[in-house]
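For reference, model29.cif is printed below; it contains mmCIF, C-alpha atoms and all ligand atoms.
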```
data_entry
#
loop_
_atom_site.group_PDB
_atom_site.id
_atom_site.type_symbol
_atom_site.label_atom_id
_atom_site.label_comp_id
_atom_site.auth_asym_id
_atom_site.auth_seq_id
_atom_site.Cartn_x
_atom_site.Cartn_y
_atom_site.Cartn_z
ATOM 1 C CA MET A 1 0.076 -4.317 -27.189
ATOM 2 C CA LYS A 2 -3.393 -3.584 -25.858
ATOM 3 C CA LEU A 3 -5.652 -6.143 -27.400
ATOM 4 C CA ILE A 4 -9.312 -7.076 -27.119
ATOM 5 C CA LEU A 5 -10.355 -10.586 -28.114
ATOM 6 C CA LEU A 6 -13.899 -10.823 -29.417
ATOM 7 C CA GLY A 7 -15.799 -13.913 -30.473
ATOM 8 C CA ALA A 8 -18.672 -16.173 -29.498
ATOM 9 C CA PRO A 9 -18.446 -18.293 -26.360
ATOM 10 C CA GLY A 10 -16.111 -21.129 -27.272
ATOM 11 C CA ALA A 11 -14.596 -19.367 -30.284
ATOM 12 C CA GLY A 12 -11.193 -19.935 -28.708
ATOM 13 C CA LYS A 13 -10.503 -16.598 -27.027
ATOM 14 C CA GLY A 14 -9.043 -18.179 -23.914
ATOM 15 C CA THR A 15 -7.017 -20.682 -25.932
ATOM 16 C CA GLN A 16 -5.452 -17.973 -28.113
ATOM 17 C CA ALA A 17 -5.015 -15.564 -25.193
ATOM 18 C CA GLU A 18 -2.805 -18.160 -23.485
ATOM 19 C CA VAL A 19 -0.442 -18.286 -26.470
ATOM 20 C CA ILE A 20 -0.321 -14.533 -27.082
ATOM 21 C CA CYS A 21 0.274 -13.634 -23.435
ATOM 22 C CA GLU A 22 3.161 -16.070 -23.136
ATOM 23 C CA LYS A 23 4.746 -14.963 -26.386
ATOM 24 C CA PHE A 24 4.584 -11.255 -25.564
ATOM 25 C CA ASN A 25 4.822 -11.450 -21.829
ATOM 26 C CA ILE A 26 1.687 -9.464 -21.130
ATOM 27 C CA PRO A 27 -1.190 -10.530 -18.880
ATOM 28 C CA ALA A 28 -4.339 -12.095 -20.290
ATOM 29 C CA ILE A 29 -7.334 -10.833 -18.374
ATOM 30 C CA SER A 30 -10.457 -12.975 -18.565
ATOM 31 C CA THR A 31 -13.532 -11.562 -16.840
ATOM 32 C CA GLY A 32 -15.021 -15.067 -16.967
ATOM 33 C CA ASN A 33 -12.027 -16.487 -15.068
ATOM 34 C CA ILE A 34 -12.109 -13.660 -12.526
ATOM 35 C CA LEU A 35 -15.829 -14.234 -11.928
ATOM 36 C CA ARG A 36 -15.395 -18.017 -11.632
ATOM 37 C CA GLU A 37 -12.584 -17.464 -9.113
ATOM 38 C CA ALA A 38 -14.905 -15.193 -7.093
ATOM 39 C CA ILE A 39 -17.591 -17.894 -7.160
ATOM 40 C CA LYS A 40 -15.087 -20.524 -6.025
ATOM 41 C CA ASN A 41 -13.991 -18.295 -3.145
ATOM 42 C CA GLY A 42 -17.583 -17.497 -2.171
ATOM 43 C CA THR A 43 -17.069 -13.725 -2.250
ATOM 44 C CA GLU A 44 -20.018 -11.324 -2.359
ATOM 45 C CA MET A 45 -19.328 -10.616 -6.027
ATOM 46 C CA GLY A 46 -19.173 -14.346 -6.741
ATOM 47 C CA LEU A 47 -22.503 -14.996 -5.056
ATOM 48 C CA LYS A 48 -24.084 -12.223 -7.098
ATOM 49 C CA ALA A 49 -22.571 -13.443 -10.387
ATOM 50 C CA LYS A 50 -23.262 -17.174 -10.059
ATOM 51 C CA SER A 51 -26.904 -17.307 -11.144
ATOM 52 C CA TYR A 52 -26.270 -15.083 -14.170
ATOM 53 C CA ILE A 53 -23.375 -17.246 -15.330
ATOM 54 C CA ASP A 54 -25.053 -20.591 -14.686
ATOM 55 C CA ASN A 55 -28.061 -19.435 -16.715
ATOM 56 C CA GLY A 56 -25.954 -18.209 -19.629
ATOM 57 C CA ASN A 57 -26.742 -14.538 -19.012
ATOM 58 C CA LEU A 58 -24.360 -11.622 -18.742
ATOM 59 C CA VAL A 59 -23.361 -10.346 -15.325
ATOM 60 C CA PRO A 60 -24.489 -6.686 -14.898
ATOM 61 C CA ASP A 61 -22.254 -4.132 -16.615
ATOM 62 C CA GLU A 62 -21.356 -2.220 -13.446
ATOM 63 C CA VAL A 63 -19.898 -5.372 -11.868
ATOM 64 C CA VAL A 64 -17.577 -6.280 -14.748
ATOM 65 C CA ILE A 65 -16.629 -2.670 -15.459
ATOM 66 C CA GLY A 66 -15.530 -2.391 -11.811
ATOM 67 C CA ILE A 67 -13.477 -5.595 -12.131
ATOM 68 C CA ILE A 68 -11.691 -4.323 -15.244
ATOM 69 C CA LYS A 69 -11.015 -0.856 -13.837
ATOM 70 C CA ASP A 70 -9.283 -2.385 -10.820
ATOM 71 C CA ARG A 71 -7.384 -4.981 -12.845
ATOM 72 C CA LEU A 72 -6.066 -2.550 -15.476
ATOM 73 C CA ALA A 73 -4.741 -0.286 -12.732
ATOM 74 C CA GLU A 74 -2.314 -3.013 -11.640
ATOM 75 C CA ASP A 75 1.387 -2.712 -12.471
ATOM 76 C CA ASP A 76 1.640 -5.692 -14.812
ATOM 77 C CA CYS A 77 -0.726 -3.993 -17.293
ATOM 78 C CA LYS A 78 1.659 -1.101 -17.962
ATOM 79 C CA ASN A 79 3.241 -2.720 -21.044
ATOM 80 C CA GLY A 80 -0.003 -4.030 -22.465
ATOM 81 C CA PHE A 81 -2.631 -6.681 -21.906
ATOM 82 C CA ILE A 82 -5.136 -8.939 -23.596
ATOM 83 C CA LEU A 83 -8.797 -8.631 -22.683
ATOM 84 C CA ASP A 84 -10.563 -11.986 -23.069
ATOM 85 C CA GLY A 85 -14.314 -11.625 -22.631
ATOM 86 C CA PHE A 86 -14.480 -7.882 -22.026
ATOM 87 C CA PRO A 87 -16.129 -5.761 -23.334
ATOM 88 C CA ARG A 88 -19.274 -7.762 -24.074
ATOM 89 C CA THR A 89 -21.814 -4.954 -24.406
ATOM 90 C CA ILE A 90 -21.765 -1.456 -25.920
ATOM 91 C CA PRO A 91 -21.887 0.205 -22.451
ATOM 92 C CA GLN A 92 -18.825 -1.862 -21.433
ATOM 93 C CA ALA A 93 -16.968 -0.724 -24.579
ATOM 94 C CA GLU A 94 -17.892 2.882 -23.844
ATOM 95 C CA ALA A 95 -16.667 2.505 -20.268
ATOM 96 C CA LEU A 96 -13.365 1.128 -21.567
ATOM 97 C CA ASP A 97 -13.033 4.061 -23.977
ATOM 98 C CA SER A 98 -13.626 6.474 -21.123
ATOM 99 C CA MET A 99 -10.618 4.985 -19.287
ATOM 100 C CA ASN A 100 -8.438 6.473 -22.067
ATOM 101 C CA ILE A 101 -5.961 3.654 -22.283
ATOM 102 C CA GLY A 102 -5.692 3.468 -26.073
ATOM 103 C CA ILE A 103 -6.706 0.025 -27.266
ATOM 104 C CA ASP A 104 -4.639 -1.036 -30.329
ATOM 105 C CA CYS A 105 -7.107 -3.465 -31.828
ATOM 106 C CA ALA A 106 -10.090 -5.739 -31.337
ATOM 107 C CA LEU A 107 -9.522 -9.153 -32.865
ATOM 108 C CA SER A 108 -12.642 -11.212 -33.499
ATOM 109 C CA ILE A 109 -12.353 -14.979 -33.863
ATOM 110 C CA GLU A 110 -15.197 -16.188 -36.102
ATOM 111 C CA VAL A 111 -16.663 -19.642 -35.532
ATOM 112 C CA ALA A 112 -20.086 -20.968 -36.653
ATOM 113 C CA ASP A 113 -22.670 -21.763 -33.976
ATOM 114 C CA GLU A 114 -22.752 -25.519 -34.759
ATOM 115 C CA LYS A 115 -19.008 -25.788 -34.171
ATOM 116 C CA ILE A 116 -19.347 -23.872 -30.899
ATOM 117 C CA MET A 117 -21.845 -26.394 -29.592
ATOM 118 C CA GLN A 118 -19.430 -29.256 -30.322
ATOM 119 C CA ARG A 119 -16.467 -27.503 -28.729
ATOM 120 C CA LEU A 120 -18.120 -26.299 -25.559
ATOM 121 C CA SER A 121 -20.025 -29.456 -24.747
ATOM 122 C CA GLY A 122 -16.691 -31.320 -24.898
ATOM 123 C CA ARG A 123 -14.703 -28.807 -22.876
ATOM 124 C CA ARG A 124 -13.396 -29.831 -19.452
ATOM 125 C CA VAL A 125 -11.740 -27.442 -17.020
ATOM 126 C CA CYS A 126 -9.512 -27.559 -13.984
ATOM 127 C CA LEU A 127 -11.036 -25.530 -11.161
ATOM 128 C CA THR A 128 -7.719 -25.480 -9.317
ATOM 129 C CA CYS A 129 -5.376 -23.922 -11.917
ATOM 130 C CA GLY A 130 -7.784 -22.848 -14.667
ATOM 131 C CA ALA A 131 -6.340 -25.031 -17.451
ATOM 132 C CA THR A 132 -8.831 -26.105 -20.132
ATOM 133 C CA TYR A 133 -9.069 -29.315 -22.145
ATOM 134 C CA HIS A 134 -11.365 -30.912 -24.682
ATOM 135 C CA VAL A 135 -12.497 -34.529 -24.679
ATOM 136 C CA ASP A 136 -11.571 -34.862 -28.388
ATOM 137 C CA TYR A 137 -9.320 -31.955 -29.404
ATOM 138 C CA LYS A 138 -7.146 -31.346 -26.362
ATOM 139 C CA LYS A 139 -7.026 -34.411 -24.184
ATOM 140 C CA PRO A 140 -5.098 -34.402 -20.920
ATOM 141 C CA ALA A 141 -2.336 -37.009 -20.601
ATOM 142 C CA LYS A 142 -4.465 -38.887 -18.075
ATOM 143 C CA GLU A 143 -8.233 -38.864 -18.625
ATOM 144 C CA GLY A 144 -10.100 -36.524 -16.278
ATOM 145 C CA ILE A 145 -6.909 -35.246 -14.602
ATOM 146 C CA CYS A 146 -5.196 -31.864 -15.092
ATOM 147 C CA ASN A 147 -1.711 -32.083 -16.658
ATOM 148 C CA ASN A 148 -0.506 -29.027 -14.707
ATOM 149 C CA CYS A 149 -1.683 -29.671 -11.187
ATOM 150 C CA GLY A 150 -3.190 -33.168 -11.001
ATOM 151 C CA ALA A 151 -6.653 -31.955 -9.947
ATOM 152 C CA GLU A 152 -9.855 -33.493 -11.281
ATOM 153 C CA LEU A 153 -11.326 -31.987 -14.474
ATOM 154 C CA VAL A 154 -14.976 -30.950 -14.525
ATOM 155 C CA GLN A 155 -17.561 -29.598 -16.962
ATOM 156 C CA ARG A 156 -18.544 -25.954 -16.429
ATOM 157 C CA ASN A 157 -22.241 -25.561 -15.467
ATOM 158 C CA ASP A 158 -22.694 -23.219 -18.418
ATOM 159 C CA ASP A 159 -21.184 -25.753 -20.852
ATOM 160 C CA LYS A 160 -24.331 -27.896 -20.695
ATOM 161 C CA PRO A 161 -25.959 -27.904 -24.190
ATOM 162 C CA GLU A 162 -29.143 -25.999 -23.223
ATOM 163 C CA THR A 163 -27.103 -23.220 -21.597
ATOM 164 C CA ILE A 164 -24.686 -23.015 -24.546
ATOM 165 C CA ALA A 165 -27.674 -22.156 -26.782
ATOM 166 C CA ASP A 166 -28.636 -19.329 -24.411
ATOM 167 C CA ARG A 167 -25.062 -18.000 -24.327
ATOM 168 C CA LEU A 168 -24.971 -17.983 -28.128
ATOM 169 C CA ALA A 169 -28.239 -16.027 -28.287
ATOM 170 C CA VAL A 170 -26.852 -13.487 -25.807
ATOM 171 C CA TYR A 171 -23.651 -13.255 -27.856
ATOM 172 C CA HIS A 172 -25.495 -12.509 -31.089
ATOM 173 C CA SER A 173 -27.794 -9.908 -29.559
ATOM 174 C CA GLN A 174 -25.467 -8.122 -27.117
ATOM 175 C CA THR A 175 -21.823 -8.785 -27.976
ATOM 176 C CA GLU A 176 -21.709 -9.155 -31.752
ATOM 177 C CA PRO A 177 -22.683 -5.465 -32.264
ATOM 178 C CA LEU A 178 -19.233 -4.657 -30.830
ATOM 179 C CA LYS A 179 -17.721 -5.747 -34.142
ATOM 180 C CA ASP A 180 -19.401 -2.773 -35.765
ATOM 181 C CA TYR A 181 -18.390 -0.542 -32.870
ATOM 182 C CA TYR A 182 -14.681 -1.351 -33.349
ATOM 183 C CA LYS A 183 -14.966 -1.402 -37.136
ATOM 184 C CA LYS A 184 -16.181 2.200 -37.046
ATOM 185 C CA ALA A 185 -13.203 3.030 -34.827
ATOM 186 C CA GLY A 186 -10.883 1.401 -37.424
ATOM 187 C CA LYS A 187 -9.746 -1.190 -34.889
ATOM 188 C CA LEU A 188 -11.463 -4.409 -35.958
ATOM 189 C CA ILE A 189 -9.516 -7.396 -37.258
ATOM 190 C CA THR A 190 -11.316 -10.665 -37.988
ATOM 191 C CA VAL A 191 -9.828 -14.140 -38.180
ATOM 192 C CA GLU A 192 -11.642 -17.331 -39.170
ATOM 193 C CA GLY A 193 -11.313 -19.900 -36.396
ATOM 194 C CA GLN A 194 -9.773 -23.098 -37.804
ATOM 195 C CA GLU A 195 -10.238 -26.791 -37.046
ATOM 196 C CA GLU A 196 -6.853 -26.972 -35.350
ATOM 197 C CA VAL A 197 -5.871 -24.603 -32.542
ATOM 198 C CA LYS A 198 -2.361 -24.122 -33.977
ATOM 199 C CA ASP A 199 -3.809 -23.060 -37.351
ATOM 200 C CA THR A 200 -5.940 -20.396 -35.673
ATOM 201 C CA THR A 201 -2.875 -19.269 -33.698
ATOM 202 C CA ARG A 202 -0.909 -18.848 -36.931
ATOM 203 C CA LEU A 203 -3.654 -16.650 -38.408
ATOM 204 C CA VAL A 204 -3.991 -14.656 -35.191
ATOM 205 C CA LEU A 205 -0.263 -13.916 -34.985
ATOM 206 C CA ALA A 206 -0.142 -13.008 -38.689
ATOM 207 C CA ALA A 207 -3.122 -10.679 -38.229
ATOM 208 C CA LEU A 208 -1.300 -8.950 -35.393
ATOM 209 C CA GLU A 209 1.779 -8.726 -37.661
ATOM 210 C CA PHE A 210 4.237 -10.243 -35.259
HETATM 211 P P1 LIG B 1 -16.325 -16.549 -20.269
HETATM 212 O O1 LIG B 1 -15.539 -17.376 -19.381
HETATM 213 O O2 LIG B 1 -15.687 -15.378 -20.927
HETATM 214 O O3 LIG B 1 -16.982 -17.500 -21.294
HETATM 215 P P2 LIG B 1 -17.294 -17.343 -22.852
HETATM 216 O O4 LIG B 1 -17.128 -16.111 -23.592
HETATM 217 O O5 LIG B 1 -18.660 -17.909 -22.914
HETATM 218 O O6 LIG B 1 -16.136 -17.944 -23.459
HETATM 219 P P3 LIG B 1 -15.502 -19.344 -23.278
HETATM 220 O O7 LIG B 1 -14.510 -19.294 -22.191
HETATM 221 O O8 LIG B 1 -16.594 -20.371 -23.192
HETATM 222 O O9 LIG B 1 -14.896 -19.442 -24.716
HETATM 223 P P4 LIG B 1 -13.470 -19.092 -25.278
HETATM 224 O O10 LIG B 1 -13.692 -18.250 -26.496
HETATM 225 O O11 LIG B 1 -12.534 -18.589 -24.232
HETATM 226 O O12 LIG B 1 -13.065 -20.504 -25.803
HETATM 227 P P5 LIG B 1 -11.941 -21.536 -25.340
HETATM 228 O O13 LIG B 1 -10.611 -21.037 -25.750
HETATM 229 O O14 LIG B 1 -12.146 -21.950 -23.942
HETATM 230 O O15 LIG B 1 -17.610 -16.004 -19.510
HETATM 231 C C1 LIG B 1 -18.456 -16.865 -18.748
HETATM 232 C C2 LIG B 1 -19.637 -16.083 -18.247
HETATM 233 O O16 LIG B 1 -19.185 -15.033 -17.368
HETATM 234 C C3 LIG B 1 -20.473 -15.363 -19.280
HETATM 235 O O17 LIG B 1 -21.417 -16.201 -19.884
HETATM 236 C C4 LIG B 1 -21.084 -14.246 -18.434
HETATM 237 O O18 LIG B 1 -22.151 -14.725 -17.665
HETATM 238 C C5 LIG B 1 -19.963 -13.866 -17.498
HETATM 239 N N1 LIG B 1 -19.123 -12.790 -18.044
HETATM 240 C C6 LIG B 1 -17.809 -12.854 -18.399
HETATM 241 N N2 LIG B 1 -17.378 -11.679 -18.878
HETATM 242 C C7 LIG B 1 -18.455 -10.845 -18.850
HETATM 243 C C8 LIG B 1 -18.659 -9.500 -19.242
HETATM 244 N N3 LIG B 1 -17.680 -8.770 -19.789
HETATM 245 N N4 LIG B 1 -19.892 -8.973 -19.081
HETATM 246 C C9 LIG B 1 -20.891 -9.667 -18.530
HETATM 247 N N5 LIG B 1 -20.765 -10.955 -18.140
HETATM 248 C C10 LIG B 1 -19.566 -11.535 -18.309
HETATM 249 O O19 LIG B 1 -12.298 -22.730 -26.326
HETATM 250 C C11 LIG B 1 -13.454 -23.500 -26.164
HETATM 251 C C12 LIG B 1 -13.178 -24.964 -26.412
HETATM 252 O O20 LIG B 1 -12.874 -25.183 -27.776
HETATM 253 C C13 LIG B 1 -11.982 -25.503 -25.629
HETATM 254 O O21 LIG B 1 -12.300 -26.789 -25.179
HETATM 255 C C14 LIG B 1 -10.859 -25.552 -26.637
HETATM 256 O O22 LIG B 1 -9.954 -26.588 -26.373
HETATM 257 C C15 LIG B 1 -11.596 -25.784 -27.936
HETATM 258 N N6 LIG B 1 -10.958 -25.102 -29.046
HETATM 259 C C16 LIG B 1 -10.515 -23.846 -29.064
HETATM 260 N N7 LIG B 1 -10.013 -23.532 -30.276
HETATM 261 C C17 LIG B 1 -10.184 -24.650 -31.040
HETATM 262 C C18 LIG B 1 -9.883 -24.971 -32.382
HETATM 263 N N8 LIG B 1 -9.298 -24.113 -33.210
HETATM 264 N N9 LIG B 1 -10.208 -26.195 -32.813
HETATM 265 C C19 LIG B 1 -10.785 -27.091 -31.980
HETATM 266 N N10 LIG B 1 -11.071 -26.845 -30.717
HETATM 267 C C20 LIG B 1 -10.796 -25.642 -30.239
HETATM 268 MG MG MG B 2 -12.691 -18.380 -22.109
#
```
Before we go any further, please render this structure as structure tokens.
Ligand code: AP5
Ligand code: MG
Amino acid sequence: MKLILLGAPGAGKGTQAEVICEKFNIPAISTGNILREAIKNGTEMGLKAKSYIDNGNLVPDEVVIGIIKDRLAEDDCKNGFILDGFPRTIPQAEALDSMNIGIDCALSIEVADEKIMQRLSGRRVCLTCGATYHVDYKKPAKEGICNNCGAELVQRNDDKPETIADRLAVYHSQTEPLKDYYKKAGKLITVEGQEEVKDTTRLVLAALEF
């Protein structure tokens, strides 16, 4: 299965990608996670990406297209993959098409902007292993501590309320047009994001007919 997950920031792409990748044993590739890892490691790409991300803007197309080209060439992508957060612009979608890898579908998780604000401002992440939590909906066993690796949980810089609003504006102007792009290609599936993660998962799996 070669799947694209679309949806606003905080729609639950990463959360659903985790479930799907485990169930079908394919890698989930998040450009956001790859960029955050580069920032953490202080690489040249990370230094370049940091100000865009912290301000809620998109990193330039050529950077993320390069990341995806390299990642999809790796062995573990042979049997399929999930793209979480790529493509995010029409030029990125066109670049993906030009790689000729035959995407099966683009699944868009729909969540209203007000809900997004609530979810993202409460999100906490582990910078060591990448696990994500929510102060109300997905609490760690011990407050502020990662269940998987015991590291301290933090709030992403771009999860501050003023930056969330900017990310939403960027989503609506630059990424949402991709729904039309994949609809025209006969590949769009939409799912309404639910209050409970497991309810969204049920709809996602049903939509994929597994
Ligand atoms: P990225 O990391 O991709 O961030 P994003 O799209 O803004 O998405 P999020 O990770 O915030 O949301 P998500 O949909 O994964 O939601 P999650 O499952 O965590 O990108 C970060 C930045 O990198 C971008 O802003 C950009 O600068 C740059 N970038 C990345 N890719 C790029 C590209 N292709 N081109 C250019 N720039 C790029 O869920 C959110 C929260 O809600 C969690 O706390 C979760 O627990 C909770 N939650 C999830 N589902 C539910 C539910 N059903 N009910 C209740 N709570 C829920
Ligand atoms: Mg994510």
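With all atoms listed in the file as the basis for measurement, A:Asp84 is the residue among A:Asp76, A:Asp136, A:Asp61, A:Asp84 that approaches Lys13 (chain A) most closely.
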Pick the closest to His172 (chain A) from A:Cys129, A:Asn148, A:Asp75, A:Arg88: which is it, counting all atoms listed in the file?
A:Arg88
Would you mind listing the residues within 6 Å of ligand LIG 1 (chain B), counting all atoms listed in the file, as a PyMOL selection string?
chain A and resi 9-15+31-33+52-53+56-61+64+85-88+119-120+123+133-134+137-138+193-197+200
Could you spell out the hits of the PyMOL selection byres (((chain A and resi 29) around 6) and not hetatm) on the shown file, as a PyMOL selection string?
chain A and resi 28+30+82-84
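For the residues A:Cys126, A:Leu47, A:Asn25, A:Ile65, ranking by smallest atom-to-atom distance to Ile90 (chain A) using only C-alpha atoms places A:Ile65 first.
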Taking into account all atoms listed in the file, which residue in the set A:Ile145, A:Ile34, A:Ala169, A:Cys105 is nearest to ligand MG 2 (chain B)?
A:Ile34
I want to know what sits within 12 Å of Cys77 (chain A), based on all atoms listed in the file, with residues of the same chain fewer than 4 positions away left out; could you give that as an NGL selection string?
:A and (1-3 or 21 or 25-29 or 68-73 or 81-83 or 101)
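Picture a line from CA of Pro177 (chain A) to CA of Thr89 (chain A); it runs 7.9 Å.
Here CA of Ile39 (chain A) stands at a distance of 10.1 Å from CA of Ser51 (chain A).
Distance annotation: of A:Gln16, A:Thr43, A:Ser98, A:Ser108, the residue with the minimal separation from Lys179 (chain A) is A:Ser108; atom set is all atoms listed in the file.
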